[in-house]
Amino acid sequence: MNAVELIKKKRNGLTLTNEEINYLITSYVKGKIPDYQFSAFLMAAFLKGMNKEETSYLTKAMLYSGKAIDLSSVKGKKIDKHSTGGVGDKTSLILAPIVAAAGVNVPMISGRGLGHTGGTLDKLEAIPGFRTDINLRRYKQILEKCGAVMIGQTKDIAPADKSIYALRDVTGTIESIPLITASIMSKKLAEGIDGLVLDVKTGSGAFMKRTADAKKLAASLIETAESFDKKVVAFITDMNQPLGNYIGNWLEVYESVMTLQGGLTEDLNEVTFNLIAAMLILGGKAKTIEEGIEIAQYEIRSGRAFDKFLEIVKLQKGDVSYLKNPEKYPRSKYEEKIYSEKTGYIKAIDNYSIGLAALELGAGRKTLTDKIDAKAGIIFYPKIGKRIKKGELTAKIFTDKKSQIEVAKKMIYDSLTYSGKKVRAPKLIKTVINL
Ligand code: URA
C-alpha cells in the first residue's frame, strides 16, 4: 500500500477499508509515514468525513497500536469519565479522588491541551514532580493501592493517539466527529474499564458549537463503546462560558483543590457532582443521581476527597506541599487586572476566545515543540446572566510574556456581550443519555 494513494482516496471522498486504515495507523506509529503525510491524511478525513465502519476501524487500529490493559486482577468496578474538551474544565481532577474515596476504581488515561481547550495531563503536570508517563505495571499498582491513577497515552497504551493527538492539535484537524471518537475511545477502551461517563461539551468553548453536533458526537461515542460491550452514560453539558473561574494549568489545580476542600463554585460543582453521581451509579455505589451527589458531598465534608487527591499525587511523585500551601507556588512575572468597560447583564461570552487568550498567555501550545507555562492563565469572573458594573473587576491575567498582555486583554474585553435587559443563564446539563 501507498500512503499518497490513500490520502488521495480520502481526499476524493471515497471510503477506506479496514486494511487501508490499519496500514495508515501502524505505518505512522512505526515512523514509516512522516508527520507531513499523516497531517494531509488527517485533513482529508476532517474535510471528507468517515462513515461508521471507518470510524470503528480507526478506533480499533488506534486501540491495538498498543495494549488493551487487563484489570481483572483489580477488585471492584472500574469506571472512568472523559470530556470532549472545554475551557476551565477541571472536573477530572476533582472527580477521580472523590469517586475513588467512595470505593469505585478510576483508571484514567487522559490527553494534553487540545486547541483552545486545556488537558488533564498538562494540569496534573503543573504540580511539581507529578509523573503522567507511568508504565503498565506501576499503573496497576497505583490503582490497586489507592483506587485511582491518572496517566497519559504511552508507548504501550494508545501510542497512536499519543502522536495523532499532538499532530491534530497543531494542524487544524481537531473538530471532527470520527477523529474525536477514535481518539477518545482508543484510550478509554485500552483502560480495561467496566463503564464510562462521557461529558460531551457544546457551545462557544467546545469543539461542537451546536447542540445538534454534540448529540451526533455523543451518538458516535456511545455506538463505538457499546460495540466493545462497555456501559456508557453521556451528558451533554454547556460550554458557552468557562467552567468555574480559573483557566490555566496551575490555576485549575488550585480551583480543584479548593473544590475538594468544600469550595462552592456553583457551575463547576453542578457539572462535577452530576458526573460523579453517574460514575457511582455505574460503579454500583449509588442508585440515583441525588444519592450519588450526597455521597460526593460527604466525601468532601469528611476530608476523604482531599486526602485521596494527596495520596494519588504522592504515588505519582507529585510534591503535595504545593497543594497544602498553594501560596508557595511560583508567581507569574506579570499579573494584570481587567475591569469592565460597561454596565449591564452578560448576554454572551465568546468562550473560544477566552481559551485562546489563555493559550496566548502561555497556557497552551501553538506548535508541537511549544513548552507550556504552568503558571499562565486567567481568573475570569463574568457569568452569563450576571450583572456587571462599569469599573468592576472582570478578570486577572497571569503570564511571563509581556508582549501578550495587551493581546489577551483585548481578547477578553471583546469576548463579552452585554445587554440592558435581564438574561437567563444557560442550562448547564442539557441532556443525559443512557442513564
Ligand atoms: N479528547 C480526546 O481525547 N480527543 C479528542 O480528540 C478530543 C477530546
# chains A, B, ... in the order shown; residues from 1 in each chain; ligands from 1
>>> residues_around(residues="Ile236 (chain A)", least_positions_apart="5", cutoff="9 Å", atoms="only C-alpha atoms", output="list in words")
Leu198, Asp199, Val200, Lys201, Thr202, Thr211, Ala214, Lys215, Ala218, Leu428, Ile429, Lys430, Thr431, Val432 and Ile433 of chain A
>>> residues_near_ligand(ligand="ligand 1", cutoff="9 Å", atoms="only C-alpha atoms and all ligand atoms", output="JSON, numbers by chain")
{"A": [82, 83, 84, 85, 86, 109, 110, 111, 112, 113, 114, 117, 119, 161, 165, 168, 169, 174, 175, 176, 177, 178, 179, 180, 181, 182, 183, 184, 185, 186, 187, 188, 207]}
>>> select_by_dssp(residues="region 7-96 of chain A", states="helix (DSSP H, G or I)", output="NGL selection string")
:A and (7-11 or 18-29 or 35-48 or 52-63 or 91-96)
>>> residues_around(residues="Met50 (chain A)", least_positions_apart="5", cutoff="12 Å", atoms="only C-alpha atoms", output="list in words")
Lys9, Lys10, Arg11, Gly13, Leu14, Thr15, Leu16, Thr17, Ile21, Phe41, Leu42, Met43, Ala44, Ala45, Thr55, Ser56, Tyr57, Leu58, Thr59, Ser176, Ile177, Pro178, Leu179, Ile180, Thr181, Ala182 and Ser220 of chain A
>>> residues_around(residues="region 153-160 of chain A", least_positions_apart="4", cutoff="8 Å", atoms="only C-alpha atoms", output="ChimeraX atom specification")
/A:25,28-29,62-69,109-111,133-136,164,186-187,190
>>> residues_around(residues="Gly115 (chain A)", least_positions_apart="5", cutoff="12 Å", atoms="only C-alpha atoms", output="PyMOL selection string")
chain A and resi 84-87+165-175+205-207+352-360+363-368
>>> residues_around(residues="region 309-320 of chain A", least_positions_apart="4", cutoff="10 Å", atoms="only C-alpha atoms", output="PyMOL selection string")
chain A and resi 93-98+100-101+124-134+138-139+141-143+145-151+256-257+260+304-305+324-326
>>> write_last_selection(atoms="C-alpha atoms", output="JSON list (two decimals), in the first residue's frame")
[["chain", "number", "residue", "atom", "x", "y", "z"],
["A", 93, "LEU", "CA", -9.05, 16.38, 38.93],
["A", 94, "ILE", "CA", -11.98, 16.68, 41.31],
["A", 95, "LEU", "CA", -13.99, 13.60, 40.47],
["A", 96, "ALA", "CA", -11.22, 10.98, 40.32],
["A", 97, "PRO", "CA", -10.33, 11.28, 44.04],
["A", 98, "ILE", "CA", -13.98, 11.58, 45.11],
["A", 100, "ALA", "CA", -12.07, 6.53, 44.41],
["A", 101, "ALA", "CA", -12.75, 7.61, 48.01],
["A", 124, "LEU", "CA", -1.55, 17.44, 36.61],
["A", 125, "GLU", "CA", 2.00, 18.16, 35.45],
["A", 126, "ALA", "CA", 1.61, 21.70, 36.81],
["A", 127, "ILE", "CA", 2.07, 20.01, 40.21],
["A", 128, "PRO", "CA", 5.86, 19.91, 40.61],
["A", 129, "GLY", "CA", 7.20, 16.37, 40.17],
["A", 130, "PHE", "CA", 3.89, 14.81, 39.07],
["A", 131, "ARG", "CA", 4.50, 11.96, 36.59],
["A", 132, "THR", "CA", 1.91, 11.06, 33.98],
["A", 133, "ASP", "CA", 4.28, 8.79, 31.96],
["A", 134, "ILE", "CA", 3.90, 5.69, 34.09],
["A", 138, "ARG", "CA", 3.05, 0.80, 38.03],
["A", 139, "TYR", "CA", -0.34, 1.94, 36.62],
["A", 141, "GLN", "CA", -0.03, -1.00, 41.31],
["A", 142, "ILE", "CA", -1.19, 2.57, 41.94],
["A", 143, "LEU", "CA", -4.77, 1.70, 41.02],
["A", 145, "LYS", "CA", -3.25, 0.76, 46.20],
["A", 146, "CYS", "CA", -5.42, 3.87, 46.12],
["A", 147, "GLY", "CA", -8.29, 3.29, 43.69],
["A", 148, "ALA", "CA", -7.29, 5.93, 41.15],
["A", 149, "VAL", "CA", -4.48, 6.57, 38.73],
["A", 150, "MET", "CA", -4.17, 9.35, 36.15],
["A", 151, "ILE", "CA", -1.80, 8.93, 33.24],
["A", 256, "SER", "CA", -9.77, 21.85, 42.08],
["A", 257, "VAL", "CA", -8.05, 21.83, 45.46],
["A", 260, "LEU", "CA", -12.05, 19.24, 47.10],
["A", 304, "ARG", "CA", -11.53, 11.98, 52.49],
["A", 305, "ALA", "CA", -11.70, 13.50, 49.00],
["A", 324, "LYS", "CA", -1.31, 22.06, 51.06],
["A", 325, "ASN", "CA", 0.27, 25.52, 50.72],
["A", 326, "PRO", "CA", -0.65, 26.84, 47.24]]
>>> closest_residue(among="A:Asn434, A:Gly88, A:Pro242, A:Tyr345", to="Ala219 (chain A)", atoms="only C-alpha atoms")
A:Asn434
>>> residues_around(residues="Asp229 (chain A)", least_positions_apart="6", cutoff="10 Å", atoms="only C-alpha atoms", output="PyMOL selection string")
chain A and resi 189+194-195+223
>>> atom_distance(atom1="CA of Ala40 (chain A)", atom2="CA of Leu6 (chain A)")
10.3 Å
>>> atom_distance(atom1="CA of Glu299 (chain A)", atom2="CA of Ile379 (chain A)")
26.8 Å
>>> atom_distance(atom1="CA of Glu54 (chain A)", atom2="CA of Asn18 (chain A)")
7.1 Å
>>> closest_atom_pairs(of="region 297-344 of chain A", to="region 395-416 of chain A", cutoff="12 Å", atoms="only C-alpha atoms", output="Markdown table")
| residue | atom | partner | partner_atom | distance |
| --- | --- | --- | --- | --- |
| A:Pro330 | CA | A:Asp400 | CA | 11.3 |
| A:Arg331 | CA | A:Phe398 | CA | 8.2 |
| A:Ser332 | CA | A:Thr399 | CA | 5.3 |
| A:Lys333 | CA | A:Asp400 | CA | 4.8 |
| A:Tyr334 | CA | A:Thr399 | CA | 5.4 |
| A:Glu335 | CA | A:Phe398 | CA | 4.7 |
| A:Glu336 | CA | A:Ile397 | CA | 5.3 |
| A:Lys337 | CA | A:Lys396 | CA | 4.5 |
| A:Ile338 | CA | A:Ala395 | CA | 5.1 |
| A:Tyr339 | CA | A:Ala395 | CA | 7.0 |
| A:Ser340 | CA | A:Tyr413 | CA | 7.8 |
| A:Glu341 | CA | A:Tyr413 | CA | 8.0 |
| A:Lys342 | CA | A:Leu416 | CA | 10.0 |
| A:Thr343 | CA | A:Leu416 | CA | 11.5 |
| A:Gly344 | CA | A:Leu416 | CA | 10.6 |
>>> write_last_selection(atoms="all heavy atoms", output="CSV table (one decimal), in the first residue's frame")
chain,number,residue,atom,x,y,z
A,330,PRO,N,5.3,29.2,42.4
A,330,PRO,CA,5.9,30.4,41.8
A,330,PRO,C,4.9,31.3,41.2
A,330,PRO,O,3.9,30.8,40.7
A,330,PRO,CB,6.9,29.8,40.7
A,330,PRO,CG,6.9,28.4,41.0
A,330,PRO,CD,5.9,28.0,41.9
A,331,ARG,N,5.1,32.6,41.2
A,331,ARG,CA,4.2,33.6,40.6
A,331,ARG,C,4.6,33.9,39.2
A,331,ARG,O,5.8,33.9,38.9
A,331,ARG,CB,4.1,34.9,41.4
A,331,ARG,CG,3.9,34.7,42.9
A,331,ARG,CD,2.5,34.4,43.2
A,331,ARG,NE,1.6,35.4,42.8
A,331,ARG,CZ,0.5,35.7,43.5
A,331,ARG,NH1,0.3,35.1,44.7
A,331,ARG,NH2,-0.4,36.6,43.1
A,332,SER,N,3.7,34.3,38.4
A,332,SER,CA,4.0,34.8,37.0
A,332,SER,C,4.7,36.2,37.2
A,332,SER,O,4.5,36.9,38.1
A,332,SER,CB,2.7,35.1,36.3
A,332,SER,OG,2.1,33.9,35.9
A,333,LYS,N,5.5,36.5,36.2
A,333,LYS,CA,6.2,37.8,36.2
A,333,LYS,C,5.2,38.9,36.1
A,333,LYS,O,5.4,40.0,36.7
A,333,LYS,CB,7.1,37.9,34.9
A,333,LYS,CG,8.4,37.2,35.1
A,333,LYS,CD,9.4,37.6,34.0
A,333,LYS,CE,10.5,36.6,33.9
A,333,LYS,NZ,10.9,36.4,32.5
A,334,TYR,N,4.1,38.7,35.4
A,334,TYR,CA,3.2,39.8,35.2
A,334,TYR,C,1.8,39.3,35.6
A,334,TYR,O,1.3,38.3,35.2
A,334,TYR,CB,3.1,40.3,33.7
A,334,TYR,CG,4.5,40.6,33.2
A,334,TYR,CD1,5.2,39.7,32.4
A,334,TYR,CD2,5.1,41.8,33.5
A,334,TYR,CE1,6.5,40.0,31.9
A,334,TYR,CE2,6.3,42.1,33.1
A,334,TYR,CZ,7.0,41.2,32.3
A,334,TYR,OH,8.3,41.5,31.9
A,335,GLU,N,1.1,40.1,36.4
A,335,GLU,CA,-0.3,39.9,36.8
A,335,GLU,C,-1.0,41.2,36.6
A,335,GLU,O,-0.6,42.2,37.1
A,335,GLU,CB,-0.3,39.5,38.3
A,335,GLU,CG,0.4,38.2,38.6
A,335,GLU,CD,0.2,37.7,40.1
A,335,GLU,OE1,-0.6,38.3,40.8
A,335,GLU,OE2,0.9,36.8,40.5
A,336,GLU,N,-2.1,41.1,35.8
A,336,GLU,CA,-2.8,42.3,35.5
A,336,GLU,C,-4.3,42.1,35.7
A,336,GLU,O,-4.8,41.1,35.5
A,336,GLU,CB,-2.7,42.6,34.0
A,336,GLU,CG,-1.3,43.1,33.6
A,336,GLU,CD,-1.2,44.5,33.2
A,336,GLU,OE1,-2.3,45.2,33.0
A,336,GLU,OE2,-0.1,45.1,33.2
A,337,LYS,N,-4.9,43.2,36.2
A,337,LYS,CA,-6.4,43.1,36.4
A,337,LYS,C,-7.1,43.8,35.3
A,337,LYS,O,-6.6,44.8,34.7
A,337,LYS,CB,-6.7,43.9,37.7
A,337,LYS,CG,-6.2,43.2,38.9
A,337,LYS,CD,-6.6,43.8,40.2
A,337,LYS,CE,-6.2,43.0,41.4
A,337,LYS,NZ,-5.9,43.8,42.6
A,338,ILE,N,-8.3,43.2,34.9
A,338,ILE,CA,-9.1,43.8,33.9
A,338,ILE,C,-10.4,44.2,34.4
A,338,ILE,O,-11.1,43.4,35.2
A,338,ILE,CB,-9.3,42.7,32.8
A,338,ILE,CG1,-7.9,42.3,32.2
A,338,ILE,CG2,-10.2,43.2,31.7
A,338,ILE,CD1,-8.0,41.2,31.1
A,339,TYR,N,-10.8,45.5,34.1
A,339,TYR,CA,-12.1,46.0,34.7
A,339,TYR,C,-13.1,46.2,33.6
A,339,TYR,O,-12.8,46.5,32.4
A,339,TYR,CB,-11.8,47.3,35.4
A,339,TYR,CG,-10.8,47.2,36.5
A,339,TYR,CD1,-9.5,47.4,36.3
A,339,TYR,CD2,-11.3,46.8,37.8
A,339,TYR,CE1,-8.6,47.2,37.4
A,339,TYR,CE2,-10.4,46.6,38.8
A,339,TYR,CZ,-9.0,46.8,38.6
A,339,TYR,OH,-8.1,46.6,39.7
A,340,SER,N,-14.4,46.0,34.0
A,340,SER,CA,-15.4,46.1,33.0
A,340,SER,C,-15.5,47.5,32.4
A,340,SER,O,-15.4,48.5,33.1
A,340,SER,CB,-16.8,45.8,33.6
A,340,SER,OG,-17.8,45.9,32.7
A,341,GLU,N,-15.7,47.6,31.1
A,341,GLU,CA,-15.8,48.9,30.4
A,341,GLU,C,-17.3,49.4,30.4
A,341,GLU,O,-17.5,50.5,30.0
A,341,GLU,CB,-15.3,48.8,28.9
A,341,GLU,CG,-13.8,48.6,28.9
A,341,GLU,CD,-13.4,48.4,27.4
A,341,GLU,OE1,-14.1,47.7,26.6
A,341,GLU,OE2,-12.3,48.9,27.1
A,342,LYS,N,-18.2,48.5,30.7
A,342,LYS,CA,-19.6,48.9,30.6
A,342,LYS,C,-20.4,48.3,31.8
A,342,LYS,O,-19.9,47.5,32.5
A,342,LYS,CB,-20.2,48.2,29.4
A,342,LYS,CG,-19.7,48.7,28.1
A,342,LYS,CD,-20.4,47.9,26.9
A,342,LYS,CE,-19.6,48.0,25.7
A,342,LYS,NZ,-19.9,47.0,24.7
A,343,THR,N,-21.7,48.8,31.9
A,343,THR,CA,-22.6,48.2,32.9
A,343,THR,C,-23.7,47.4,32.1
A,343,THR,O,-24.1,47.9,31.1
A,343,THR,CB,-23.3,49.4,33.7
A,343,THR,OG1,-22.2,50.0,34.5
A,343,THR,CG2,-24.3,48.8,34.7
A,344,GLY,N,-24.0,46.3,32.7
A,344,GLY,CA,-25.1,45.5,32.0
A,344,GLY,C,-25.1,44.1,32.4
A,344,GLY,O,-24.2,43.6,33.2
>>> decode(residues="region 188-202 of chain A", atoms="all heavy atoms", output="CSV table (one decimal), in the first residue's frame")
chain,number,residue,atom,x,y,z
A,188,LYS,N,-9.9,5.1,26.0
A,188,LYS,CA,-10.8,4.5,27.1
A,188,LYS,C,-11.0,3.0,27.0
A,188,LYS,O,-11.1,2.4,28.0
A,188,LYS,CB,-12.1,5.3,27.0
A,188,LYS,CG,-12.0,6.7,27.2
A,188,LYS,CD,-11.7,7.1,28.6
A,188,LYS,CE,-10.6,8.1,28.8
A,188,LYS,NZ,-10.4,8.6,30.1
A,189,LEU,N,-10.9,2.5,25.8
A,189,LEU,CA,-11.1,1.0,25.6
A,189,LEU,C,-9.8,0.3,26.0
A,189,LEU,O,-9.8,-0.8,26.4
A,189,LEU,CB,-11.5,0.7,24.2
A,189,LEU,CG,-12.8,1.2,23.7
A,189,LEU,CD1,-13.0,1.1,22.2
A,189,LEU,CD2,-14.0,0.5,24.5
A,190,ALA,N,-8.7,1.0,26.0
A,190,ALA,CA,-7.4,0.4,26.4
A,190,ALA,C,-7.4,0.3,27.9
A,190,ALA,O,-6.6,-0.5,28.4
A,190,ALA,CB,-6.2,1.3,25.9
A,191,GLU,N,-8.2,1.0,28.6
A,191,GLU,CA,-8.1,1.0,30.1
A,191,GLU,C,-8.6,-0.2,30.9
A,191,GLU,O,-8.3,-0.3,32.0
A,191,GLU,CB,-8.9,2.2,30.6
A,191,GLU,CG,-8.3,3.6,30.4
A,191,GLU,CD,-9.3,4.7,30.8
A,191,GLU,OE1,-10.4,4.4,31.1
A,191,GLU,OE2,-8.9,5.9,30.7
A,192,GLY,N,-9.3,-1.0,30.2
A,192,GLY,CA,-9.9,-2.2,31.0
A,192,GLY,C,-11.0,-1.8,31.9
A,192,GLY,O,-11.1,-2.3,33.0
A,193,ILE,N,-11.8,-0.8,31.5
A,193,ILE,CA,-12.9,-0.3,32.4
A,193,ILE,C,-14.2,-1.1,32.2
A,193,ILE,O,-14.4,-1.8,31.2
A,193,ILE,CB,-13.2,1.2,32.1
A,193,ILE,CG1,-13.3,1.4,30.6
A,193,ILE,CG2,-12.3,2.1,32.8
A,193,ILE,CD1,-13.8,2.8,30.2
A,194,ASP,N,-15.0,-1.0,33.2
A,194,ASP,CA,-16.4,-1.6,33.1
A,194,ASP,C,-17.4,-0.7,32.6
A,194,ASP,O,-18.4,-1.0,32.0
A,194,ASP,CB,-16.9,-2.1,34.5
A,194,ASP,CG,-15.9,-3.1,35.1
A,194,ASP,OD1,-15.7,-4.1,34.5
A,194,ASP,OD2,-15.3,-2.8,36.2
A,195,GLY,N,-17.2,0.6,32.8
A,195,GLY,CA,-18.1,1.6,32.3
A,195,GLY,C,-17.5,3.0,32.2
A,195,GLY,O,-16.4,3.2,32.8
A,196,LEU,N,-18.2,3.8,31.4
A,196,LEU,CA,-17.6,5.1,31.1
A,196,LEU,C,-18.7,6.2,31.1
A,196,LEU,O,-19.8,6.0,30.6
A,196,LEU,CB,-17.0,5.1,29.7
A,196,LEU,CG,-16.4,6.3,29.1
A,196,LEU,CD1,-15.2,6.8,29.9
A,196,LEU,CD2,-16.0,6.1,27.6
A,197,VAL,N,-18.3,7.3,31.7
A,197,VAL,CA,-19.2,8.5,31.7
A,197,VAL,C,-18.6,9.5,30.7
A,197,VAL,O,-17.4,9.9,30.9
A,197,VAL,CB,-19.4,9.1,33.1
A,197,VAL,CG1,-20.3,10.4,33.0
A,197,VAL,CG2,-20.1,8.1,34.0
A,198,LEU,N,-19.4,10.0,29.8
A,198,LEU,CA,-18.9,10.9,28.8
A,198,LEU,C,-19.5,12.3,29.1
A,198,LEU,O,-20.7,12.4,29.3
A,198,LEU,CB,-19.3,10.5,27.4
A,198,LEU,CG,-18.6,9.2,26.9
A,198,LEU,CD1,-19.3,8.7,25.6
A,198,LEU,CD2,-17.1,9.5,26.6
A,199,ASP,N,-18.7,13.3,29.0
A,199,ASP,CA,-19.1,14.7,29.1
A,199,ASP,C,-18.9,15.4,27.8
A,199,ASP,O,-17.8,15.8,27.5
A,199,ASP,CB,-18.4,15.4,30.3
A,199,ASP,CG,-18.9,16.8,30.5
A,199,ASP,OD1,-19.9,17.2,29.9
A,199,ASP,OD2,-18.2,17.5,31.3
A,200,VAL,N,-20.0,15.4,27.0
A,200,VAL,CA,-19.8,16.0,25.6
A,200,VAL,C,-20.2,17.4,25.7
A,200,VAL,O,-21.4,17.8,26.1
A,200,VAL,CB,-20.8,15.2,24.7
A,200,VAL,CG1,-20.6,15.8,23.3
A,200,VAL,CG2,-20.4,13.7,24.7
A,201,LYS,N,-19.3,18.3,25.4
A,201,LYS,CA,-19.5,19.7,25.6
A,201,LYS,C,-20.1,20.4,24.4
A,201,LYS,O,-19.7,20.0,23.2
A,201,LYS,CB,-18.1,20.4,25.9
A,201,LYS,CG,-17.4,19.8,27.1
A,201,LYS,CD,-18.0,20.3,28.4
A,201,LYS,CE,-17.3,20.0,29.6
A,201,LYS,NZ,-18.1,20.2,30.8
A,202,THR,N,-20.9,21.4,24.6
A,202,THR,CA,-21.4,22.1,23.5
A,202,THR,C,-21.4,23.6,23.8
A,202,THR,O,-21.6,24.0,24.9
A,202,THR,CB,-22.9,21.6,23.1
A,202,THR,OG1,-23.3,22.4,22.0
A,202,THR,CG2,-23.8,21.8,24.2
